[in-house]
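Notes follow the structure.
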Amino acid sequence: MSDGKNMEPVVQEETTGCGIAASAALAGISYAEAKRTANALGIYADDTALWSESVVMQRCWIPGRH
């Protein structure tokens with residue numbers, strides 16, 4: 001669990017689990033807990049409908065790319 005000041009890294013445990021790992025890090029929970037929550041909501045790392053190209057994410061953090 002996060003102390004509210006420092007974010008702990010969460011290791012991506014599946015090839016396509018980057019969203020789960022990122023969400024877990026932001027929420028301050030484990031990958032396993034985030035995966036259980038995502039799966040309960042019908043969200044699965046291997047669901048190709050949720051995959052995106054890296055350029056989509058680059059727009060989030062590269063100035064002028066939105």
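Each chain of the structure tokens is named A, B, ... in the order shown, its residues numbered from 1; ligands are numbered from 1 in display order.
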
Quick one: residues within 7 Å of stretch 5-17 of chain A, only C-alpha atoms counted, chain neighbours fewer than 3 positions away excluded, as a PyMOL selection string? chain A and resi 2+20-21+24-25+28+30-31+45-46

Put those residues in a file: C-alpha atoms, as a CSV table (one decimal), in the first residue's frame.
chain,number,residue,atom,x,y,z
A,2,SER,CA,1.2,3.5,-0.9
A,20,ILE,CA,-3.4,-3.3,-14.9
A,21,ALA,CA,0.1,-2.6,-13.6
A,24,ALA,CA,-2.3,-0.9,-9.5
A,25,ALA,CA,0.7,1.5,-9.0
A,28,GLY,CA,-1.2,1.6,-4.3
A,30,SER,CA,-0.7,-5.2,-5.9
A,31,TYR,CA,-0.9,-6.4,-9.5
A,45,ALA,CA,-5.3,-8.1,-20.2
A,46,ASP,CA,-5.6,-10.4,-23.2

List every residue of chain A that DSSP, applied to the backbone of this structure, assigns to helix (DSSP H, G or I), and report them as a count of residues only. 31

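Interatomic distance, atom CA of A:Ile29 against atom CA of A:Gly42: 18.9 Å.
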
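Distances here use only C-alpha atoms; by that measure, the residue among A:Ala32, A:Ile62, A:Leu50, A:Val55 closest to A:Gly19 is A:Leu50.
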
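Our summary of the geometry notes that atom CA of A:Ala49 is positioned 23.6 Å from atom CA of A:Ala27.
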